[in-house]
Amino acid sequence: MDKFKNKVVIITGGNSGIGYATAQEFIREGANVIITGKRKEALEKASKKIGAEAILANQAKVSDIETLVEKVKSIYGKVDVLFLNAGVATFAPIEYTTLEQYETMMDVNFKGSFFTLQKFIPILNDGASVVFLTSGNTALNMPNSSVYSASKSAISHLARIAAKELSDRKIRVNTVNPGPTDTEMQSKFGFDKETLEGMKEQILGQVPLAKMGTPEDVAKMVIYLTDSKVSSFVTGSEFFIDGGMSL
């Protein structure tokens with residue numbers, strides 16, 4: 001239970017869903033976990049419940065990222081694991097996608113991920129591990145997901161380049177690409193309950209294993225990828241956790 005004892009773990013967007021489940025896993029393994037989020041009340045509630053430290057930060061704002069890094073540096077000095085999990089999603093046909101929707105997804109998903117990695121690089125320990133949360137959509141051509149899929153695909157390419165650039169410091173960089181996962185984010189798509197249930201049934205019809213994933217499924221993969229004792233030869237790789245949907 002102590003494989004991450006005394007290790008410092010940063011999880012962006014850690015107050016719910018996959019980020020929250022992953023924070024729980026790291027805490028069980030003895031890590032010092034810092035979760036971030038932009039909703040103060042939700043962040044504080046989550047941190048108290050699982051025993052993580054909370055730092056308020058909006059990934060879309062570079063100034064927030066810089067403040068986050070300075071706070072972490074002043075408290076811990078160095079970071080062992082960086083899980084770039086924060087993200088947003090809106091689905092609409094290309095014809096009807098608004099500028100606001102486009103900018104929000106690109107700012108949070110890609111720009112935010114890029115600059116969070118960039119600002120943390122100086123305080124990553126040699127031999128640290130970075131994991132990006134992308135999406136099973138990177139392997140699909142799903143209607144109504146053009147901007148979301150593009151933002152996540154950009155992260156996947158960023159991760160591969162980062163894996164090469166940081167290899168001289170033995171820092172490993174990988175991505176986890178979840179398929180349909182039962183998280184709080186689904187309730188934020190703006191659809192009513194009946195519509196969401198219909199969408200769920202339609203999606204499950206495309207999943208060979210015919211079930212939804214759970215945040216814990218993804219969390220266990222993140223634990224594997226950041227445990228240098230079992231994944232020391234893994235970098236620049238994508239791991240689809242989607243029940244076979246991308247096949």
# chains A, B, ... in the order shown; residues from 1 in each chain; ligands from 1
$ residues_around --residues "range 100-109 of chain A" --least-positions-apart "5" --cutoff "12 Å" --atoms "only C-alpha atoms" --output "ChimeraX atom specification"
/A:12-13,37-38,57-62,65,84-94,114-116,132-135,145-156,158,189
$ residues_around --residues "Phe26 in chain A" --least-positions-apart "5" --cutoff "10 Å" --atoms "only C-alpha atoms" --output "PyMOL selection string"
chain A and resi 1-5+7-9+21+31-33+52+219-220+222-223
$ write_last_selection --atoms "C-alpha atoms" --output "PDB file, in the first residue's frame"
ATOM      1  CA  MET A   1       0.000   0.000   0.000  1.00  0.00           C
ATOM      2  CA  ASP A   2       3.040   2.308   0.132  1.00  0.00           C
ATOM      3  CA  LYS A   3       4.383   2.117  -3.435  1.00  0.00           C
ATOM      4  CA  PHE A   4       4.090   5.928  -3.709  1.00  0.00           C
ATOM      5  CA  LYS A   5       5.131   6.793  -0.158  1.00  0.00           C
ATOM      6  CA  LYS A   7       5.957  10.846  -3.668  1.00  0.00           C
ATOM      7  CA  VAL A   8       4.352  14.149  -4.713  1.00  0.00           C
ATOM      8  CA  VAL A   9       1.423  13.772  -7.108  1.00  0.00           C
ATOM      9  CA  ALA A  21     -10.883   8.389  -8.347  1.00  0.00           C
ATOM     10  CA  ALA A  31       1.352   9.572  -1.949  1.00  0.00           C
ATOM     11  CA  ASN A  32       1.141  13.255  -1.090  1.00  0.00           C
ATOM     12  CA  VAL A  33      -1.641  14.313  -3.463  1.00  0.00           C
ATOM     13  CA  ALA A  52      -5.747  15.485  -0.470  1.00  0.00           C
ATOM     14  CA  ALA A 219      -7.332   5.349 -12.222  1.00  0.00           C
ATOM     15  CA  LYS A 220      -5.756   1.891 -12.086  1.00  0.00           C
ATOM     16  CA  VAL A 222      -2.708   5.782 -14.302  1.00  0.00           C
ATOM     17  CA  ILE A 223      -1.268   4.048 -11.237  1.00  0.00           C
TER      18      ILE A 223
END
$ atom_distance --atom1 "CA of Arg160 in chain A" --atom2 "CA of Gly136 in chain A"
16.4 Å
$ select_by_dssp --residues "range 33-241 of chain A" --states "alpha helix (DSSP H)" --output "MDAnalysis selection string"
chainID A and resid 40:50 62:76 99:105 112:120 146:165 193:204 215:226 228:231
$ closest_residue --among "A:Asp242, A:Asp80, A:Glu165, A:Glu29" --to "Gln118 in chain A" --atoms "only C-alpha atoms"
A:Glu165
$ residues_around --residues "range 203-214 of chain A" --least-positions-apart "3" --cutoff "12 Å" --atoms "only C-alpha atoms" --output "mmCIF file with N, CA and C atoms, in the first residue's frame"
data_model
loop_
_atom_site.group_PDB
_atom_site.id
_atom_site.type_symbol
_atom_site.label_atom_id
_atom_site.label_comp_id
_atom_site.auth_asym_id
_atom_site.auth_seq_id
_atom_site.Cartn_x
_atom_site.Cartn_y
_atom_site.Cartn_z
ATOM 1 N N GLY A 17 -15.048 12.749 -10.762
ATOM 2 C CA GLY A 17 -14.816 11.818 -11.858
ATOM 3 C C GLY A 17 -13.497 11.082 -11.808
ATOM 4 N N ILE A 18 -12.839 11.017 -12.955
ATOM 5 C CA ILE A 18 -11.590 10.272 -13.096
ATOM 6 C C ILE A 18 -10.487 10.863 -12.224
ATOM 7 N N GLY A 19 -10.382 12.180 -12.167
ATOM 8 C CA GLY A 19 -9.359 12.814 -11.341
ATOM 9 C C GLY A 19 -9.519 12.468 -9.873
ATOM 10 N N TYR A 20 -10.746 12.500 -9.396
ATOM 11 C CA TYR A 20 -11.047 12.182 -7.996
ATOM 12 C C TYR A 20 -10.720 10.725 -7.685
ATOM 13 N N ALA A 21 -11.150 9.816 -8.556
ATOM 14 C CA ALA A 21 -10.883 8.389 -8.347
ATOM 15 C C ALA A 21 -9.387 8.102 -8.344
ATOM 16 N N THR A 22 -8.650 8.798 -9.209
ATOM 17 C CA THR A 22 -7.207 8.603 -9.277
ATOM 18 C C THR A 22 -6.523 9.153 -8.029
ATOM 19 N N GLY A 136 -10.980 8.379 -26.062
ATOM 20 C CA GLY A 136 -11.161 7.377 -27.103
ATOM 21 C C GLY A 136 -11.567 8.008 -28.421
ATOM 22 N N LEU A 140 -11.658 7.887 -33.284
ATOM 23 C CA LEU A 140 -12.972 7.798 -33.914
ATOM 24 C C LEU A 140 -13.232 9.026 -34.785
ATOM 25 N N MET A 142 -16.398 10.560 -34.864
ATOM 26 C CA MET A 142 -17.765 10.688 -34.358
ATOM 27 C C MET A 142 -18.374 12.044 -34.720
ATOM 28 N N ASN A 177 -6.647 7.016 -22.744
ATOM 29 C CA ASN A 177 -7.702 7.450 -23.655
ATOM 30 C C ASN A 177 -9.005 6.729 -23.310
ATOM 31 N N PRO A 178 -9.790 7.272 -22.390
ATOM 32 C CA PRO A 178 -11.021 6.586 -21.992
ATOM 33 C C PRO A 178 -12.099 6.651 -23.066
ATOM 34 N N GLY A 179 -12.866 5.582 -23.119
ATOM 35 C CA GLY A 179 -14.076 5.583 -23.926
ATOM 36 C C GLY A 179 -15.232 6.053 -23.049
ATOM 37 N N PRO A 180 -16.454 5.584 -23.302
ATOM 38 C CA PRO A 180 -17.601 6.011 -22.489
ATOM 39 C C PRO A 180 -17.414 5.624 -21.028
ATOM 40 N N THR A 181 -17.353 6.624 -20.182
ATOM 41 C CA THR A 181 -17.085 6.408 -18.760
ATOM 42 C C THR A 181 -18.165 7.100 -17.938
ATOM 43 N N ASP A 182 -18.636 6.421 -16.931
ATOM 44 C CA ASP A 182 -19.731 6.923 -16.106
ATOM 45 C C ASP A 182 -19.206 7.950 -15.120
ATOM 46 N N THR A 183 -19.194 9.224 -15.531
ATOM 47 C CA THR A 183 -18.695 10.302 -14.677
ATOM 48 C C THR A 183 -19.692 11.449 -14.623
ATOM 49 N N GLU A 184 -19.393 12.402 -13.735
ATOM 50 C CA GLU A 184 -20.225 13.586 -13.566
ATOM 51 C C GLU A 184 -20.273 14.436 -14.828
ATOM 52 N N LEU A 196 -29.979 11.765 -22.351
ATOM 53 C CA LEU A 196 -28.717 11.153 -21.936
ATOM 54 C C LEU A 196 -28.824 9.626 -21.915
ATOM 55 N N GLU A 197 -29.961 9.123 -21.442
ATOM 56 C CA GLU A 197 -30.158 7.670 -21.406
ATOM 57 C C GLU A 197 -30.189 7.098 -22.823
ATOM 58 N N GLY A 198 -30.839 7.838 -23.739
ATOM 59 C CA GLY A 198 -30.878 7.390 -25.129
ATOM 60 C C GLY A 198 -29.498 7.382 -25.756
ATOM 61 N N MET A 199 -28.717 8.412 -25.452
ATOM 62 C CA MET A 199 -27.346 8.485 -25.961
ATOM 63 C C MET A 199 -26.510 7.334 -25.397
ATOM 64 N N LYS A 200 -26.707 7.039 -24.108
ATOM 65 C CA LYS A 200 -25.962 5.958 -23.464
ATOM 66 C C LYS A 200 -26.237 4.619 -24.146
ATOM 67 N N ASP A 217 -11.513 2.327 -13.336
ATOM 68 C CA ASP A 217 -10.809 1.624 -14.420
ATOM 69 C C ASP A 217 -9.639 2.462 -14.922
ATOM 70 N N VAL A 218 -9.895 3.741 -15.115
ATOM 71 C CA VAL A 218 -8.869 4.648 -15.623
ATOM 72 C C VAL A 218 -7.814 4.904 -14.556
ATOM 73 N N ALA A 219 -8.256 5.073 -13.323
ATOM 74 C CA ALA A 219 -7.332 5.349 -12.222
ATOM 75 C C ALA A 219 -6.286 4.250 -12.089
ATOM 76 N N LYS A 220 -6.698 3.014 -12.215
ATOM 77 C CA LYS A 220 -5.756 1.891 -12.086
ATOM 78 C C LYS A 220 -4.711 1.910 -13.205
ATOM 79 N N MET A 221 -5.105 2.352 -14.401
ATOM 80 C CA MET A 221 -4.134 2.465 -15.485
ATOM 81 C C MET A 221 -3.130 3.580 -15.207
ATOM 82 N N PHE A 240 -5.875 2.830 -24.619
ATOM 83 C CA PHE A 240 -7.317 2.997 -24.770
ATOM 84 C C PHE A 240 -8.040 2.136 -23.744
ATOM 85 N N ILE A 241 -8.900 2.783 -22.964
ATOM 86 C CA ILE A 241 -9.708 2.098 -21.949
ATOM 87 C C ILE A 241 -11.158 2.337 -22.359
ATOM 88 N N ASP A 242 -11.593 1.573 -23.339
ATOM 89 C CA ASP A 242 -12.880 1.887 -23.983
ATOM 90 C C ASP A 242 -13.738 0.683 -24.304
ATOM 91 N N GLY A 243 -13.432 -0.458 -23.697
ATOM 92 C CA GLY A 243 -14.230 -1.654 -23.956
ATOM 93 C C GLY A 243 -14.158 -2.127 -25.395
ATOM 94 N N GLY A 244 -13.148 -1.679 -26.124
ATOM 95 C CA GLY A 244 -12.994 -2.086 -27.522
ATOM 96 C C GLY A 244 -13.685 -1.181 -28.522
ATOM 97 N N MET A 245 -14.197 -0.050 -28.073
ATOM 98 C CA MET A 245 -14.965 0.845 -28.962
ATOM 99 C C MET A 245 -14.134 1.348 -30.134
ATOM 100 N N SER A 246 -12.844 1.544 -29.925
ATOM 101 C CA SER A 246 -12.003 2.111 -30.981
ATOM 102 C C SER A 246 -11.505 1.066 -31.982
ATOM 103 N N LEU A 247 -11.865 -0.194 -31.775
ATOM 104 C CA LEU A 247 -11.406 -1.256 -32.685
ATOM 105 C C LEU A 247 -11.987 -1.084 -34.089
#
$ atom_distance --atom1 "CA of Pro122 in chain A" --atom2 "CA of Leu225 in chain A"
21.0 Å
$ select_by_dssp --residues "range 103-175 of chain A" --states "strand (DSSP E or B)" --output "count of residues only"
14
$ residues_around --residues "Ile50 in chain A" --least-positions-apart "2" --cutoff "12 Å" --atoms "only C-alpha atoms" --output "number ranges by chain"
A: 14-16, 20-28, 32-35, 43-48, 52-54
$ residues_around --residues "Leu68 in chain A" --least-positions-apart "2" --cutoff "9 Å" --atoms "only C-alpha atoms" --output "VMD selection string"
chain A and resid 36 55 to 57 63 to 66 70 to 73
$ write_last_selection --atoms "all heavy atoms" --output "PDB file, in the first residue's frame"
ATOM      1  N   THR A  36      -6.351  19.940  -8.126  1.00  0.00           N
ATOM      2  CA  THR A  36      -6.720  21.295  -8.528  1.00  0.00           C
ATOM      3  C   THR A  36      -8.118  21.290  -9.134  1.00  0.00           C
ATOM      4  O   THR A  36      -8.653  20.246  -9.516  1.00  0.00           O
ATOM      5  CB  THR A  36      -5.739  21.879  -9.564  1.00  0.00           C
ATOM      6  OG1 THR A  36      -6.016  21.307 -10.858  1.00  0.00           O
ATOM      7  CG2 THR A  36      -4.297  21.593  -9.179  1.00  0.00           C
ATOM      8  N   ILE A  55      -5.614  23.039  -4.316  1.00  0.00           N
ATOM      9  CA  ILE A  55      -5.149  24.345  -4.777  1.00  0.00           C
ATOM     10  C   ILE A  55      -6.081  24.793  -5.904  1.00  0.00           C
ATOM     11  O   ILE A  55      -6.203  24.114  -6.924  1.00  0.00           O
ATOM     12  CB  ILE A  55      -3.695  24.304  -5.279  1.00  0.00           C
ATOM     13  CG1 ILE A  55      -2.746  23.897  -4.143  1.00  0.00           C
ATOM     14  CG2 ILE A  55      -3.295  25.665  -5.848  1.00  0.00           C
ATOM     15  CD1 ILE A  55      -1.289  23.815  -4.562  1.00  0.00           C
ATOM     16  N   LEU A  56      -6.748  25.904  -5.693  1.00  0.00           N
ATOM     17  CA  LEU A  56      -7.690  26.428  -6.678  1.00  0.00           C
ATOM     18  C   LEU A  56      -6.932  26.914  -7.910  1.00  0.00           C
ATOM     19  O   LEU A  56      -6.015  27.731  -7.805  1.00  0.00           O
ATOM     20  CB  LEU A  56      -8.486  27.582  -6.060  1.00  0.00           C
ATOM     21  CG  LEU A  56      -9.732  28.062  -6.808  1.00  0.00           C
ATOM     22  CD1 LEU A  56     -10.812  26.979  -6.784  1.00  0.00           C
ATOM     23  CD2 LEU A  56     -10.264  29.342  -6.151  1.00  0.00           C
ATOM     24  N   ALA A  57      -7.282  26.387  -9.083  1.00  0.00           N
ATOM     25  CA  ALA A  57      -6.605  26.793 -10.319  1.00  0.00           C
ATOM     26  C   ALA A  57      -7.467  26.443 -11.521  1.00  0.00           C
ATOM     27  O   ALA A  57      -7.967  25.324 -11.621  1.00  0.00           O
ATOM     28  CB  ALA A  57      -5.243  26.108 -10.438  1.00  0.00           C
ATOM     29  N   SER A  63      -1.922  32.239 -15.942  1.00  0.00           N
ATOM     30  CA  SER A  63      -1.542  32.867 -14.669  1.00  0.00           C
ATOM     31  C   SER A  63      -1.868  31.956 -13.492  1.00  0.00           C
ATOM     32  O   SER A  63      -1.103  31.878 -12.519  1.00  0.00           O
ATOM     33  CB  SER A  63      -2.234  34.222 -14.507  1.00  0.00           C
ATOM     34  OG  SER A  63      -3.647  34.064 -14.539  1.00  0.00           O
ATOM     35  N   ASP A  64      -2.992  31.249 -13.564  1.00  0.00           N
ATOM     36  CA  ASP A  64      -3.357  30.290 -12.513  1.00  0.00           C
ATOM     37  C   ASP A  64      -2.366  29.129 -12.473  1.00  0.00           C
ATOM     38  O   ASP A  64      -1.984  28.647 -11.411  1.00  0.00           O
ATOM     39  CB  ASP A  64      -4.766  29.735 -12.756  1.00  0.00           C
ATOM     40  CG  ASP A  64      -5.859  30.653 -12.235  1.00  0.00           C
ATOM     41  OD1 ASP A  64      -5.572  31.850 -12.017  1.00  0.00           O
ATOM     42  OD2 ASP A  64      -6.997  30.179 -12.065  1.00  0.00           O
ATOM     43  N   ILE A  65      -1.959  28.676 -13.662  1.00  0.00           N
ATOM     44  CA  ILE A  65      -0.989  27.577 -13.742  1.00  0.00           C
ATOM     45  C   ILE A  65       0.337  27.993 -13.103  1.00  0.00           C
ATOM     46  O   ILE A  65       0.937  27.239 -12.339  1.00  0.00           O
ATOM     47  CB  ILE A  65      -0.767  27.161 -15.211  1.00  0.00           C
ATOM     48  CG1 ILE A  65      -2.063  26.618 -15.822  1.00  0.00           C
ATOM     49  CG2 ILE A  65       0.344  26.104 -15.303  1.00  0.00           C
ATOM     50  CD1 ILE A  65      -2.006  26.421 -17.328  1.00  0.00           C
ATOM     51  N   GLU A  66       0.782  29.204 -13.412  1.00  0.00           N
ATOM     52  CA  GLU A  66       2.039  29.700 -12.848  1.00  0.00           C
ATOM     53  C   GLU A  66       1.963  29.799 -11.326  1.00  0.00           C
ATOM     54  O   GLU A  66       2.922  29.441 -10.617  1.00  0.00           O
ATOM     55  CB  GLU A  66       2.378  31.059 -13.469  1.00  0.00           C
ATOM     56  CG  GLU A  66       2.740  30.964 -14.945  1.00  0.00           C
ATOM     57  CD  GLU A  66       2.892  32.314 -15.609  1.00  0.00           C
ATOM     58  OE1 GLU A  66       2.298  33.301 -15.110  1.00  0.00           O
ATOM     59  OE2 GLU A  66       3.591  32.394 -16.640  1.00  0.00           O
ATOM     60  N   GLU A  70       4.211  27.641  -8.507  1.00  0.00           N
ATOM     61  CA  GLU A  70       4.967  28.317  -7.452  1.00  0.00           C
ATOM     62  C   GLU A  70       4.566  27.807  -6.067  1.00  0.00           C
ATOM     63  O   GLU A  70       5.418  27.630  -5.182  1.00  0.00           O
ATOM     64  CB  GLU A  70       4.765  29.835  -7.535  1.00  0.00           C
ATOM     65  CG  GLU A  70       5.516  30.489  -8.684  1.00  0.00           C
ATOM     66  CD  GLU A  70       7.008  30.192  -8.646  1.00  0.00           C
ATOM     67  OE1 GLU A  70       7.619  30.349  -7.560  1.00  0.00           O
ATOM     68  OE2 GLU A  70       7.566  29.791  -9.680  1.00  0.00           O
ATOM     69  N   LYS A  71       3.281  27.575  -5.873  1.00  0.00           N
ATOM     70  CA  LYS A  71       2.806  27.060  -4.578  1.00  0.00           C
ATOM     71  C   LYS A  71       3.355  25.664  -4.328  1.00  0.00           C
ATOM     72  O   LYS A  71       3.829  25.355  -3.223  1.00  0.00           O
ATOM     73  CB  LYS A  71       1.272  27.042  -4.541  1.00  0.00           C
ATOM     74  CG  LYS A  71       0.633  28.405  -4.391  1.00  0.00           C
ATOM     75  CD  LYS A  71      -0.883  28.303  -4.328  1.00  0.00           C
ATOM     76  CE  LYS A  71      -1.521  29.676  -4.146  1.00  0.00           C
ATOM     77  NZ  LYS A  71      -3.009  29.597  -4.122  1.00  0.00           N
ATOM     78  N   VAL A  72       3.279  24.807  -5.344  1.00  0.00           N
ATOM     79  CA  VAL A  72       3.782  23.446  -5.201  1.00  0.00           C
ATOM     80  C   VAL A  72       5.281  23.457  -4.937  1.00  0.00           C
ATOM     81  O   VAL A  72       5.787  22.726  -4.079  1.00  0.00           O
ATOM     82  CB  VAL A  72       3.460  22.609  -6.458  1.00  0.00           C
ATOM     83  CG1 VAL A  72       4.152  21.243  -6.400  1.00  0.00           C
ATOM     84  CG2 VAL A  72       1.951  22.427  -6.607  1.00  0.00           C
ATOM     85  N   LYS A  73       5.998  24.315  -5.658  1.00  0.00           N
ATOM     86  CA  LYS A  73       7.453  24.411  -5.483  1.00  0.00           C
ATOM     87  C   LYS A  73       7.816  24.858  -4.070  1.00  0.00           C
ATOM     88  O   LYS A  73       8.749  24.324  -3.448  1.00  0.00           O
ATOM     89  CB  LYS A  73       8.029  25.390  -6.506  1.00  0.00           C
ATOM     90  CG  LYS A  73       9.548  25.523  -6.435  1.00  0.00           C
ATOM     91  CD  LYS A  73      10.047  26.504  -7.487  1.00  0.00           C
ATOM     92  CE  LYS A  73      11.565  26.657  -7.404  1.00  0.00           C
ATOM     93  NZ  LYS A  73      12.071  27.620  -8.423  1.00  0.00           N
TER      94      LYS A  73
END
$ closest_residue --among "A:Val69, A:Ala42, A:Val131, A:Ile121" --to "Arg172 in chain A" --atoms "only C-alpha atoms"
A:Val131
$ residues_around --residues "Thr235 in chain A" --least-positions-apart "6" --cutoff "8 Å" --atoms "only C-alpha atoms" --output "ChimeraX atom specification"
/A:163,172-174
$ atom_distance --atom1 "CA of Ile10 in chain A" --atom2 "CA of Val81 in chain A"
6.2 Å
$ decode --residues "range 67-77 of chain A" --atoms "all heavy atoms" --output "PDB file, in the first residue's frame"
ATOM      1  N   THR A  67       0.836  30.270 -10.819  1.00  0.00           N
ATOM      2  CA  THR A  67       0.643  30.367  -9.367  1.00  0.00           C
ATOM      3  C   THR A  67       0.642  28.979  -8.740  1.00  0.00           C
ATOM      4  O   THR A  67       1.233  28.761  -7.673  1.00  0.00           O
ATOM      5  CB  THR A  67      -0.678  31.092  -9.042  1.00  0.00           C
ATOM      6  OG1 THR A  67      -0.637  32.412  -9.599  1.00  0.00           O
ATOM      7  CG2 THR A  67      -0.896  31.179  -7.549  1.00  0.00           C
ATOM      8  N   LEU A  68      -0.016  28.026  -9.400  1.00  0.00           N
ATOM      9  CA  LEU A  68      -0.053  26.640  -8.929  1.00  0.00           C
ATOM     10  C   LEU A  68       1.352  26.076  -8.799  1.00  0.00           C
ATOM     11  O   LEU A  68       1.707  25.488  -7.766  1.00  0.00           O
ATOM     12  CB  LEU A  68      -0.877  25.787  -9.896  1.00  0.00           C
ATOM     13  CG  LEU A  68      -0.783  24.264  -9.748  1.00  0.00           C
ATOM     14  CD1 LEU A  68      -1.375  23.825  -8.410  1.00  0.00           C
ATOM     15  CD2 LEU A  68      -1.494  23.580 -10.917  1.00  0.00           C
ATOM     16  N   VAL A  69       2.154  26.254  -9.826  1.00  0.00           N
ATOM     17  CA  VAL A  69       3.526  25.717  -9.823  1.00  0.00           C
ATOM     18  C   VAL A  69       4.351  26.347  -8.707  1.00  0.00           C
ATOM     19  O   VAL A  69       5.091  25.652  -7.999  1.00  0.00           O
ATOM     20  CB  VAL A  69       4.201  25.943 -11.193  1.00  0.00           C
ATOM     21  CG1 VAL A  69       5.672  25.546 -11.130  1.00  0.00           C
ATOM     22  CG2 VAL A  69       3.488  25.145 -12.271  1.00  0.00           C
ATOM     23  N   GLU A  70       4.211  27.641  -8.507  1.00  0.00           N
ATOM     24  CA  GLU A  70       4.967  28.317  -7.452  1.00  0.00           C
ATOM     25  C   GLU A  70       4.566  27.807  -6.067  1.00  0.00           C
ATOM     26  O   GLU A  70       5.418  27.630  -5.182  1.00  0.00           O
ATOM     27  CB  GLU A  70       4.765  29.835  -7.535  1.00  0.00           C
ATOM     28  CG  GLU A  70       5.516  30.489  -8.684  1.00  0.00           C
ATOM     29  CD  GLU A  70       7.008  30.192  -8.646  1.00  0.00           C
ATOM     30  OE1 GLU A  70       7.619  30.349  -7.560  1.00  0.00           O
ATOM     31  OE2 GLU A  70       7.566  29.791  -9.680  1.00  0.00           O
ATOM     32  N   LYS A  71       3.281  27.575  -5.873  1.00  0.00           N
ATOM     33  CA  LYS A  71       2.806  27.060  -4.578  1.00  0.00           C
ATOM     34  C   LYS A  71       3.355  25.664  -4.328  1.00  0.00           C
ATOM     35  O   LYS A  71       3.829  25.355  -3.223  1.00  0.00           O
ATOM     36  CB  LYS A  71       1.272  27.042  -4.541  1.00  0.00           C
ATOM     37  CG  LYS A  71       0.633  28.405  -4.391  1.00  0.00           C
ATOM     38  CD  LYS A  71      -0.883  28.303  -4.328  1.00  0.00           C
ATOM     39  CE  LYS A  71      -1.521  29.676  -4.146  1.00  0.00           C
ATOM     40  NZ  LYS A  71      -3.009  29.597  -4.122  1.00  0.00           N
ATOM     41  N   VAL A  72       3.279  24.807  -5.344  1.00  0.00           N
ATOM     42  CA  VAL A  72       3.782  23.446  -5.201  1.00  0.00           C
ATOM     43  C   VAL A  72       5.281  23.457  -4.937  1.00  0.00           C
ATOM     44  O   VAL A  72       5.787  22.726  -4.079  1.00  0.00           O
ATOM     45  CB  VAL A  72       3.460  22.609  -6.458  1.00  0.00           C
ATOM     46  CG1 VAL A  72       4.152  21.243  -6.400  1.00  0.00           C
ATOM     47  CG2 VAL A  72       1.951  22.427  -6.607  1.00  0.00           C
ATOM     48  N   LYS A  73       5.998  24.315  -5.658  1.00  0.00           N
ATOM     49  CA  LYS A  73       7.453  24.411  -5.483  1.00  0.00           C
ATOM     50  C   LYS A  73       7.816  24.858  -4.070  1.00  0.00           C
ATOM     51  O   LYS A  73       8.749  24.324  -3.448  1.00  0.00           O
ATOM     52  CB  LYS A  73       8.029  25.390  -6.506  1.00  0.00           C
ATOM     53  CG  LYS A  73       9.548  25.523  -6.435  1.00  0.00           C
ATOM     54  CD  LYS A  73      10.047  26.504  -7.487  1.00  0.00           C
ATOM     55  CE  LYS A  73      11.565  26.657  -7.404  1.00  0.00           C
ATOM     56  NZ  LYS A  73      12.071  27.620  -8.423  1.00  0.00           N
ATOM     57  N   SER A  74       7.076  25.829  -3.538  1.00  0.00           N
ATOM     58  CA  SER A  74       7.386  26.356  -2.205  1.00  0.00           C
ATOM     59  C   SER A  74       7.104  25.337  -1.113  1.00  0.00           C
ATOM     60  O   SER A  74       7.784  25.339  -0.069  1.00  0.00           O
ATOM     61  CB  SER A  74       6.580  27.637  -1.943  1.00  0.00           C
ATOM     62  OG  SER A  74       5.188  27.351  -1.854  1.00  0.00           O
ATOM     63  N   ILE A  75       6.115  24.451  -1.340  1.00  0.00           N
ATOM     64  CA  ILE A  75       5.747  23.470  -0.318  1.00  0.00           C
ATOM     65  C   ILE A  75       6.563  22.188  -0.448  1.00  0.00           C
ATOM     66  O   ILE A  75       7.082  21.654   0.542  1.00  0.00           O
ATOM     67  CB  ILE A  75       4.240  23.132  -0.403  1.00  0.00           C
ATOM     68  CG1 ILE A  75       3.399  24.379  -0.141  1.00  0.00           C
ATOM     69  CG2 ILE A  75       3.881  22.034   0.609  1.00  0.00           C
ATOM     70  CD1 ILE A  75       1.928  24.206  -0.458  1.00  0.00           C
ATOM     71  N   TYR A  76       6.699  21.690  -1.677  1.00  0.00           N
ATOM     72  CA  TYR A  76       7.302  20.376  -1.883  1.00  0.00           C
ATOM     73  C   TYR A  76       8.644  20.398  -2.621  1.00  0.00           C
ATOM     74  O   TYR A  76       9.386  19.419  -2.565  1.00  0.00           O
ATOM     75  CB  TYR A  76       6.334  19.471  -2.651  1.00  0.00           C
ATOM     76  CG  TYR A  76       5.073  19.165  -1.872  1.00  0.00           C
ATOM     77  CD1 TYR A  76       3.888  19.841  -2.146  1.00  0.00           C
ATOM     78  CD2 TYR A  76       5.069  18.208  -0.865  1.00  0.00           C
ATOM     79  CE1 TYR A  76       2.730  19.570  -1.440  1.00  0.00           C
ATOM     80  CE2 TYR A  76       3.917  17.935  -0.144  1.00  0.00           C
ATOM     81  CZ  TYR A  76       2.749  18.614  -0.431  1.00  0.00           C
ATOM     82  OH  TYR A  76       1.605  18.349   0.276  1.00  0.00           O
ATOM     83  N   GLY A  77       8.912  21.449  -3.355  1.00  0.00           N
ATOM     84  CA  GLY A  77      10.169  21.529  -4.083  1.00  0.00           C
ATOM     85  C   GLY A  77      10.144  20.827  -5.427  1.00  0.00           C
ATOM     86  O   GLY A  77      10.445  21.420  -6.459  1.00  0.00           O
TER      87      GLY A  77
END
